[in-house]
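> Next comes run-v6.cif, mmCIF, C-alpha atoms:
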data_structure
loop_
_atom_site.group_PDB
_atom_site.id
_atom_site.type_symbol
_atom_site.label_atom_id
_atom_site.label_comp_id
_atom_site.auth_asym_id
_atom_site.auth_seq_id
_atom_site.Cartn_x
_atom_site.Cartn_y
_atom_site.Cartn_z
ATOM 1 C CA MET A 170 -109.331 -255.481 5.605
ATOM 2 C CA LEU A 171 -106.805 -255.472 8.416
ATOM 3 C CA GLN A 172 -103.677 -257.616 8.605
ATOM 4 C CA THR A 173 -103.718 -259.304 12.001
ATOM 5 C CA GLU A 174 -100.606 -261.488 12.187
ATOM 6 C CA SER A 175 -97.003 -260.476 11.551
ATOM 7 C CA LYS A 176 -95.851 -263.976 10.619
ATOM 8 C CA THR A 177 -97.016 -265.855 7.556
ATOM 9 C CA MET A 178 -98.906 -269.166 7.760
ATOM 10 C CA ASN A 179 -99.900 -272.018 5.547
ATOM 11 C CA LEU A 180 -103.562 -273.014 5.379
ATOM 12 C CA GLU A 181 -103.290 -275.778 7.976
ATOM 13 C CA GLU A 182 -101.647 -273.401 10.458
ATOM 14 C CA PHE A 183 -104.309 -270.807 9.699
ATOM 15 C CA LEU A 184 -107.114 -273.270 10.402
ATOM 16 C CA ASP A 185 -105.495 -274.257 13.699
ATOM 17 C CA TRP A 186 -105.058 -270.592 14.603
ATOM 18 C CA TYR A 187 -108.540 -269.455 13.555
ATOM 19 C CA PRO A 188 -110.357 -267.972 16.576
ATOM 20 C CA ASP A 189 -113.386 -269.896 17.766
ATOM 21 C CA GLY A 190 -116.614 -267.963 17.814
ATOM 22 C CA TYR A 191 -115.654 -264.469 16.694
ATOM 23 C CA GLY A 192 -114.266 -262.521 13.786
ATOM 24 C CA CYS A 193 -113.976 -263.299 10.095
ATOM 25 C CA PHE A 194 -110.518 -263.946 8.667
ATOM 26 C CA GLU A 195 -109.062 -264.903 5.294
ATOM 27 C CA LEU A 196 -105.604 -266.046 4.280
ATOM 28 C CA TYR A 197 -103.902 -264.314 1.341
ATOM 29 C CA ASP A 198 -100.618 -265.882 0.295
ATOM 30 C CA GLY A 199 -99.718 -266.676 3.901
ATOM 31 C CA VAL A 200 -100.972 -263.387 5.372
ATOM 32 C CA VAL A 201 -103.923 -263.433 7.796
ATOM 33 C CA VAL A 202 -106.412 -260.658 7.080
ATOM 34 C CA GLU A 203 -109.401 -259.741 9.226
ATOM 35 C CA MET A 204 -112.493 -258.861 7.228
ATOM 36 C CA GLN A 205 -114.380 -255.858 8.595
ATOM 37 C CA PRO A 206 -117.610 -255.543 6.590
ATOM 38 C CA THR A 207 -120.043 -252.687 7.025
ATOM 39 C CA GLY A 208 -123.580 -253.271 8.209
ATOM 40 C CA THR A 209 -124.890 -252.506 4.720
ATOM 41 C CA HIS A 210 -122.520 -255.062 3.222
ATOM 42 C CA GLU A 211 -123.976 -257.687 5.559
ATOM 43 C CA GLN A 212 -127.539 -256.640 4.693
ATOM 44 C CA VAL A 213 -126.874 -257.129 0.986
ATOM 45 C CA ALA A 214 -125.176 -260.495 1.513
ATOM 46 C CA GLY A 215 -127.964 -261.579 3.862
ATOM 47 C CA GLU A 216 -130.646 -260.690 1.315
ATOM 48 C CA PHE A 217 -128.990 -262.880 -1.297
ATOM 49 C CA GLY A 218 -128.642 -265.717 1.186
ATOM 50 C CA SER A 219 -132.343 -265.454 2.079
ATOM 51 C CA GLU A 220 -133.506 -265.336 -1.545
ATOM 52 C CA LEU A 221 -131.434 -268.360 -2.529
ATOM 53 C CA ALA A 222 -132.441 -270.323 0.569
ATOM 54 C CA ILE A 223 -136.102 -269.780 -0.381
ATOM 55 C CA GLU A 224 -135.408 -271.126 -3.879
ATOM 56 C CA ILE A 225 -133.527 -274.135 -2.546
ATOM 57 C CA ARG A 226 -136.441 -275.027 -0.280
ATOM 58 C CA ARG A 227 -139.159 -274.246 -2.830
ATOM 59 C CA LEU A 228 -137.578 -276.369 -5.555
ATOM 60 C CA LYS A 229 -136.273 -279.047 -3.150
ATOM 61 C CA LEU A 230 -132.761 -278.658 -4.543
ATOM 62 C CA PRO A 231 -129.971 -280.799 -3.002
ATOM 63 C CA TYR A 232 -128.077 -277.682 -1.888
ATOM 64 C CA PHE A 233 -127.512 -275.718 1.294
ATOM 65 C CA ILE A 234 -125.907 -272.451 2.361
ATOM 66 C CA PRO A 235 -123.349 -272.825 5.167
ATOM 67 C CA ARG A 236 -123.059 -270.124 7.790
ATOM 68 C CA GLN A 237 -119.373 -269.958 6.904
ATOM 69 C CA CYS A 238 -116.898 -271.996 4.883
ATOM 70 C CA ILE A 239 -113.353 -271.560 3.642
ATOM 71 C CA ILE A 240 -112.535 -272.235 -0.020
ATOM 72 C CA LYS A 241 -108.995 -273.389 -0.762
ATOM 73 C CA PRO A 242 -107.440 -272.329 -4.091
ATOM 74 C CA ILE A 243 -106.455 -275.239 -6.286
ATOM 75 C CA ASN A 244 -102.678 -274.592 -6.425
ATOM 76 C CA SER A 245 -101.944 -273.012 -3.063
ATOM 77 C CA ASP A 246 -101.642 -274.131 0.542
ATOM 78 C CA LYS A 247 -101.163 -270.536 1.720
ATOM 79 C CA SER A 248 -104.577 -269.048 0.910
ATOM 80 C CA GLY A 249 -108.169 -269.588 1.974
ATOM 81 C CA TYR A 250 -111.204 -267.434 1.180
ATOM 82 C CA ILE A 251 -114.525 -267.054 2.993
ATOM 83 C CA PRO A 252 -117.239 -266.116 0.470
ATOM 84 C CA ASP A 253 -120.079 -263.840 1.507
ATOM 85 C CA VAL A 254 -122.525 -266.494 0.271
ATOM 86 C CA ALA A 255 -121.757 -270.025 -0.887
ATOM 87 C CA VAL A 256 -124.198 -272.631 -2.154
ATOM 88 C CA LEU A 257 -122.885 -276.149 -1.602
ATOM 89 C CA ASP A 258 -123.965 -279.502 -3.023
ATOM 90 C CA TRP A 259 -124.933 -281.973 -0.277
ATOM 91 C CA LYS A 260 -123.849 -285.044 -2.234
ATOM 92 C CA ALA A 261 -120.485 -283.628 -3.330
ATOM 93 C CA LEU A 262 -119.509 -283.134 0.315
ATOM 94 C CA GLU A 263 -118.906 -286.879 0.474
ATOM 95 C CA ASN A 264 -115.740 -286.288 -1.555
ATOM 96 C CA GLU A 265 -114.435 -283.402 0.553
ATOM 97 C CA PRO A 266 -111.550 -284.862 2.606
ATOM 98 C CA MET A 267 -111.671 -282.322 5.452
ATOM 99 C CA TRP A 268 -115.369 -281.534 5.728
ATOM 100 C CA LYS A 269 -116.108 -283.710 8.761
ATOM 101 C CA LYS A 270 -113.358 -281.930 10.706
ATOM 102 C CA ARG A 271 -113.383 -278.431 9.244
ATOM 103 C CA SER A 272 -115.654 -276.237 7.143
ATOM 104 C CA LEU A 273 -113.096 -276.385 4.318
ATOM 105 C CA ILE A 274 -113.876 -276.784 0.612
ATOM 106 C CA THR A 275 -111.111 -278.083 -1.655
ATOM 107 C CA LYS A 276 -113.062 -279.144 -4.764
ATOM 108 C CA GLY A 277 -114.849 -276.832 -7.160
ATOM 109 C CA GLU A 278 -117.599 -279.370 -7.856
ATOM 110 C CA THR A 279 -118.765 -279.058 -4.254
ATOM 111 C CA VAL A 280 -119.697 -275.414 -4.841
ATOM 112 C CA ARG A 281 -122.628 -274.542 -7.074
ATOM 113 C CA LEU A 282 -122.443 -270.795 -6.629
ATOM 114 C CA VAL A 283 -120.320 -268.188 -4.845
ATOM 115 C CA ILE A 284 -121.327 -264.584 -4.179
ATOM 116 C CA GLU A 285 -118.910 -261.855 -3.158
ATOM 117 C CA VAL A 286 -120.238 -258.448 -2.132
ATOM 118 C CA VAL A 287 -117.712 -255.790 -3.081
ATOM 119 C CA SER A 288 -116.020 -253.643 -0.432
ATOM 120 C CA THR A 289 -113.207 -251.105 -0.779
ATOM 121 C CA ASN A 290 -110.801 -253.993 -1.493
ATOM 122 C CA TRP A 291 -112.576 -254.603 -4.804
ATOM 123 C CA GLN A 292 -109.437 -255.932 -6.496
ATOM 124 C CA ASP A 293 -109.683 -259.104 -4.400
ATOM 125 C CA ASP A 294 -113.107 -259.921 -5.861
ATOM 126 C CA TYR A 295 -112.454 -258.910 -9.476
ATOM 127 C CA LEU A 296 -108.864 -260.142 -9.749
ATOM 128 C CA VAL A 297 -107.774 -262.649 -7.108
ATOM 129 C CA LYS A 298 -110.974 -264.557 -6.350
ATOM 130 C CA LEU A 299 -112.282 -264.438 -9.898
ATOM 131 C CA ALA A 300 -109.154 -266.210 -11.135
ATOM 132 C CA GLU A 301 -109.093 -268.746 -8.312
ATOM 133 C CA TYR A 302 -112.789 -269.651 -8.537
ATOM 134 C CA GLU A 303 -112.427 -270.053 -12.289
ATOM 135 C CA LYS A 304 -109.466 -272.416 -11.852
ATOM 136 C CA LEU A 305 -111.461 -274.445 -9.339
ATOM 137 C CA GLY A 306 -114.269 -274.795 -11.872
ATOM 138 C CA ILE A 307 -117.005 -273.279 -9.699
ATOM 139 C CA PRO A 308 -120.002 -273.044 -12.085
ATOM 140 C CA GLU A 309 -121.189 -269.573 -11.094
ATOM 141 C CA TYR A 310 -119.575 -266.595 -9.395
ATOM 142 C CA TRP A 311 -121.500 -263.404 -8.710
ATOM 143 C CA ILE A 312 -119.796 -260.124 -7.896
ATOM 144 C CA VAL A 313 -122.282 -257.749 -6.287
ATOM 145 C CA ASP A 314 -120.892 -254.233 -6.611
ATOM 146 C CA TYR A 315 -123.751 -252.294 -5.007
ATOM 147 C CA LEU A 316 -121.652 -249.148 -4.575
ATOM 148 C CA GLY A 317 -120.030 -249.205 -8.011
ATOM 149 C CA LEU A 318 -116.520 -249.459 -6.575
ATOM 150 C CA GLY A 319 -114.900 -251.768 -9.122
ATOM 151 C CA GLY A 320 -112.509 -250.717 -11.855
ATOM 152 C CA ARG A 321 -113.979 -249.191 -15.018
ATOM 153 C CA ARG A 322 -112.699 -252.104 -17.060
ATOM 154 C CA TYR A 323 -115.036 -254.326 -15.034
ATOM 155 C CA ILE A 324 -118.184 -252.218 -14.566
ATOM 156 C CA GLY A 325 -117.895 -249.562 -17.253
ATOM 157 C CA ASP A 326 -117.501 -245.804 -17.369
ATOM 158 C CA PRO A 327 -119.176 -244.017 -15.698
ATOM 159 C CA LYS A 328 -119.145 -246.426 -12.800
ATOM 160 C CA GLN A 329 -122.506 -247.600 -11.533
ATOM 161 C CA PRO A 330 -123.860 -250.325 -9.250
ATOM 162 C CA THR A 331 -123.516 -253.616 -11.117
ATOM 163 C CA ILE A 332 -124.061 -257.309 -10.498
ATOM 164 C CA SER A 333 -121.643 -259.364 -12.602
ATOM 165 C CA VAL A 334 -122.622 -263.011 -13.050
ATOM 166 C CA TYR A 335 -119.750 -265.177 -14.251
ATOM 167 C CA GLN A 336 -120.816 -268.560 -15.646
ATOM 168 C CA MET A 337 -118.500 -271.409 -16.579
ATOM 169 C CA VAL A 338 -118.494 -272.091 -20.324
ATOM 170 C CA GLU A 339 -116.026 -274.644 -21.687
ATOM 171 C CA GLY A 340 -113.624 -274.154 -18.806
ATOM 172 C CA GLU A 341 -113.669 -270.370 -18.561
ATOM 173 C CA TYR A 342 -115.930 -267.685 -17.149
ATOM 174 C CA MET A 343 -118.215 -265.663 -19.378
ATOM 175 C CA VAL A 344 -119.825 -262.619 -17.780
ATOM 176 C CA SER A 345 -123.299 -261.078 -17.924
ATOM 177 C CA GLN A 346 -124.030 -257.847 -16.078
ATOM 178 C CA PHE A 347 -127.237 -256.616 -14.472
ATOM 179 C CA ARG A 348 -128.289 -253.120 -13.411
ATOM 180 C CA GLY A 349 -131.493 -251.301 -12.532
ATOM 181 C CA ASN A 350 -134.618 -253.308 -13.373
ATOM 182 C CA ASP A 351 -132.645 -256.136 -14.986
ATOM 183 C CA SER A 352 -133.638 -259.542 -13.667
ATOM 184 C CA ILE A 353 -130.609 -261.530 -12.525
ATOM 185 C CA GLN A 354 -130.140 -264.547 -14.800
ATOM 186 C CA SER A 355 -128.655 -267.691 -13.272
ATOM 187 C CA ALA A 356 -128.123 -271.164 -14.689
ATOM 188 C CA ILE A 357 -128.070 -272.619 -11.168
ATOM 189 C CA PHE A 358 -131.255 -270.826 -10.068
ATOM 190 C CA SER A 359 -133.093 -270.520 -13.378
ATOM 191 C CA GLU A 360 -136.431 -269.550 -11.779
ATOM 192 C CA LEU A 361 -135.005 -266.844 -9.530
ATOM 193 C CA ASN A 362 -137.173 -263.703 -9.595
ATOM 194 C CA LEU A 363 -134.838 -260.974 -8.371
ATOM 195 C CA THR A 364 -133.844 -257.640 -9.899
ATOM 196 C CA ALA A 365 -130.607 -255.761 -9.433
ATOM 197 C CA GLU A 366 -132.589 -252.734 -8.260
ATOM 198 C CA LYS A 367 -134.102 -254.643 -5.330
ATOM 199 C CA ILE A 368 -130.607 -255.454 -4.065
ATOM 200 C CA PHE A 369 -129.252 -251.978 -4.696
ATOM 201 C CA LYS A 370 -132.064 -250.352 -2.718
ATOM 202 C CA ILE A 371 -130.856 -252.279 0.329
ATOM 203 C CA GLY A 372 -127.416 -250.722 -0.114
ATOM 204 C CA GLU A 373 -128.666 -247.133 -0.353
#
I need this file expressed as structure tokens, please.


Amino acid sequence: MLQTESKTMNLEEFLDWYPDGYGCFELYDGVVVEMQPTGTHEQVAGEFGSELAIEIRRLKLPYFIPRQCIIKPINSDKSGYIPDVAVLDWKALENEPMWKKRSLITKGETVRLVIEVVSTNWQDDYLVKLAEYEKLGIPEYWIVDYLGLGGRRYIGDPKQPTISVYQMVEGEYMVSQFRGNDSIQSAIFSELNLTAEKIFKIGE
């Protein structure tokens, strides 16, 4: 990540500022940060997007995956996050006040699933975004740590590549973790046939 602006902004100012057609930026407590993912990071995120898009089409689910969207935390007008992959509910978009003007999500029920692929700033995925997505009530949040970068309290010791699937249970996230030949288990995509190893091979 690279801080790009010296002054702080609120979310509305950030959306007005956001460059058209290039770059990927997030807003953290008023600070604009440019995301600079590696090519491998994008390969891993792209593979997940492709696999889920196939399932959506095969099962004729009322979902879609936007090229890019910004998710607004529930209690802040100074932050906005761009997930690596987001699965949105077509019908729920009717209740999104800004959607027709901006690719901005303000309600957790609009999002069926969020995936974040871990980079060196792993604390953002395991600490900041985990808490904010939970507060929004997003049903599933996957953290794909294909390099095993996260803290030991999250992925164990010794560290190893891990996919953590957080599912909403009675208002809070419960986590299941997948490694090696484990098949990823999802309540949103219950028929998904995808192992952790297949994803991790992309990241090698």

> Edge lengths and centre in Å to one decimal, as JSON, is what I'm after for the box along x, y and z that holds all listed atoms of region 345-352 of chain A once 6 Å is added on each side.


{"center_x": -129.0, "center_y": -256.2, "center_z": -15.2, "size_x": 23.3, "size_y": 21.8, "size_z": 17.4}

> From the list A:Asp253, A:Glu216, A:Thr209, A:Ile225, which residue is nearest Cys193 (chain A) when using only C-alpha atoms?

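With only C-alpha atoms as the atom set, the closest residue is A:Asp253.
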
> Expanded to explicit residues, what is the PyMOL selection byres ((chain A and resi 265) around 8) for this file, as a compact mmCIF listing (two decimals) with C-alpha atoms, in the coordinates of the input?


# COMPACT_ATOMS: atom_id res chain seq x y z
CA ALA A 261 -120.48 -283.63 -3.33
CA LEU A 262 -119.51 -283.13 0.32
CA GLU A 263 -118.91 -286.88 0.47
CA ASN A 264 -115.74 -286.29 -1.56
CA PRO A 266 -111.55 -284.86 2.61
CA MET A 267 -111.67 -282.32 5.45
CA TRP A 268 -115.37 -281.53 5.73
CA ILE A 274 -113.88 -276.78 0.61
CA THR A 275 -111.11 -278.08 -1.66
CA LYS A 276 -113.06 -279.14 -4.76
CA THR A 279 -118.76 -279.06 -4.25

> So the first atom is CA of Glu339 (chain A) and the second is CA of Gln354 (chain A); what is the distance between them in Å, to one decimal place?

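Result for CA of Glu339 (chain A) versus CA of Gln354 (chain A): 18.7 Å, one decimal.
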
> Smallest atom-to-atom distance to Lys260 (chain A): which of A:Arg226, A:Pro231, A:Lys247, A:Glu285, using all atoms listed in the file?

A:Pro231

> Suppose you want the space between CA of Leu180 (chain A) and CA of Gly208 (chain A); what is it in Å?

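So the two atoms, CA of Leu180 (chain A) and CA of Gly208 (chain A), lie 28.3 Å apart.
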
> For Ser359 (chain A), which residue among A:Val297, A:Leu228, A:Gln292, A:Ser248 is the nearest when counting all atoms listed in the file?

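Of the candidates, the smallest distance to Ser359 (chain A) is held by A:Leu228.
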
> Excluding same-chain residues fewer than 5 positions from Tyr342 (chain A), what lies within 12 Å of it counting only C-alpha atoms, as a list of chain:residue names?

A:Leu299, A:Ala300, A:Glu301, A:Tyr302, A:Glu303, A:Lys304, A:Leu305, A:Gly306, A:Ile307, A:Pro308, A:Glu309, A:Tyr310, A:Trp311, A:Ser333, A:Val334, A:Tyr335, A:Gln336, A:Met337

> CA of Ile251 (chain A) and CA of Gly325 (chain A) are how many Å apart?

27.0 Å

> Just want the 10 Å neighbourhood of Phe217 (chain A), counted on all atoms listed in the file, with same-chain residues fewer than 2 positions away dropped. Output as a list in words.

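Listed by chain and then number, they are Glu211, Gln212, Val213, Ala214, Gly215, Ser219, Glu220, Leu221, Ala222, Ile223, Asp253, Val254, Ile284, Val286, Val313, Leu363 and Ile368 of chain A.
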
> Using all atoms listed in the file, which protein or nucleic acid residues come within 9 Å of Ser352 (chain A)? Drop anything in the same chain fewer than 6 positions from it, and give the result as JSON, numbers by chain.

{"A": [361, 362, 363, 364, 365, 366]}

> I'd like the residues picked by the PyMOL selection byres ((chain A and resi 195) around 9) written out as a ChimeraX atom specification, using the chain letters and numbers from the file.

/A:183,193-194,196-197,200-204,239,248-251

> Export, as a PDB file, in the coordinates of the input, the selected residues with C-alpha atoms.


ATOM      1  CA  PHE A 183    -104.309-270.807   9.699  1.00  0.00           C
ATOM      2  CA  CYS A 193    -113.976-263.299  10.095  1.00  0.00           C
ATOM      3  CA  PHE A 194    -110.518-263.946   8.667  1.00  0.00           C
ATOM      4  CA  LEU A 196    -105.604-266.046   4.280  1.00  0.00           C
ATOM      5  CA  TYR A 197    -103.902-264.314   1.341  1.00  0.00           C
ATOM      6  CA  VAL A 200    -100.972-263.387   5.372  1.00  0.00           C
ATOM      7  CA  VAL A 201    -103.923-263.433   7.796  1.00  0.00           C
ATOM      8  CA  VAL A 202    -106.412-260.658   7.080  1.00  0.00           C
ATOM      9  CA  GLU A 203    -109.401-259.741   9.226  1.00  0.00           C
ATOM     10  CA  MET A 204    -112.493-258.861   7.228  1.00  0.00           C
ATOM     11  CA  ILE A 239    -113.353-271.560   3.642  1.00  0.00           C
ATOM     12  CA  SER A 248    -104.577-269.048   0.910  1.00  0.00           C
ATOM     13  CA  GLY A 249    -108.169-269.588   1.974  1.00  0.00           C
ATOM     14  CA  TYR A 250    -111.204-267.434   1.180  1.00  0.00           C
ATOM     15  CA  ILE A 251    -114.525-267.054   2.993  1.00  0.00           C
TER      16      ILE A 251
END

> Within 10 Å of (-126.0, -243.7, -12.2), in the coordinates the file gives, what residues turn up when you count all atoms listed in the file, written out as a list in words?

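Every polymer residue passing the test: Gly317, Pro327, Lys328, Gln329, Pro330, Arg348 and Gly349 of chain A.
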
> Rank A:Lys370, A:Arg281, A:Lys176, A:Lys269 by their smallest atom-to-atom distance to Tyr232 (chain A), using only C-alpha atoms, and report the top residue only.

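Between A:Lys370, A:Arg281, A:Lys176, A:Lys269, the residue approaching Tyr232 (chain A) most closely is A:Arg281.
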
> So what does the PyMOL selection byres ((chain A and resi 287) around 8) actually pick up in this one, as a list in words?

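Selected by the PyMOL selection byres ((chain A and resi 287) around 8) here: His210, Glu285, Val286, Ser288, Thr289, Asn290, Trp291, Asp294, Ile312, Val313, Asp314, Tyr315, Leu316, Leu318 and Gly319 of chain A.
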
> Go ahead and write the selection's residues with C-alpha atoms as an mmCIF file, in the frame of the given file.


data_model
loop_
_atom_site.group_PDB
_atom_site.id
_atom_site.type_symbol
_atom_site.label_atom_id
_atom_site.label_comp_id
_atom_site.auth_asym_id
_atom_site.auth_seq_id
_atom_site.Cartn_x
_atom_site.Cartn_y
_atom_site.Cartn_z
ATOM 1 C CA HIS A 210 -122.520 -255.062 3.222
ATOM 2 C CA GLU A 285 -118.910 -261.855 -3.158
ATOM 3 C CA VAL A 286 -120.238 -258.448 -2.132
ATOM 4 C CA SER A 288 -116.020 -253.643 -0.432
ATOM 5 C CA THR A 289 -113.207 -251.105 -0.779
ATOM 6 C CA ASN A 290 -110.801 -253.993 -1.493
ATOM 7 C CA TRP A 291 -112.576 -254.603 -4.804
ATOM 8 C CA ASP A 294 -113.107 -259.921 -5.861
ATOM 9 C CA ILE A 312 -119.796 -260.124 -7.896
ATOM 10 C CA VAL A 313 -122.282 -257.749 -6.287
ATOM 11 C CA ASP A 314 -120.892 -254.233 -6.611
ATOM 12 C CA TYR A 315 -123.751 -252.294 -5.007
ATOM 13 C CA LEU A 316 -121.652 -249.148 -4.575
ATOM 14 C CA LEU A 318 -116.520 -249.459 -6.575
ATOM 15 C CA GLY A 319 -114.900 -251.768 -9.122
#

> Could you check which of A:Ser245, A:Arg321, A:Asp326, A:Cys238 is closest to Arg271 (chain A), using all atoms listed in the file?

A:Cys238

> Point out the residue among A:Tyr187, A:Asp198, A:Pro206, A:Val283 with the least atom-to-atom distance to Ile234 (chain A), counting all atoms listed in the file.

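Closest residue, counting all atoms listed in the file: A:Val283.
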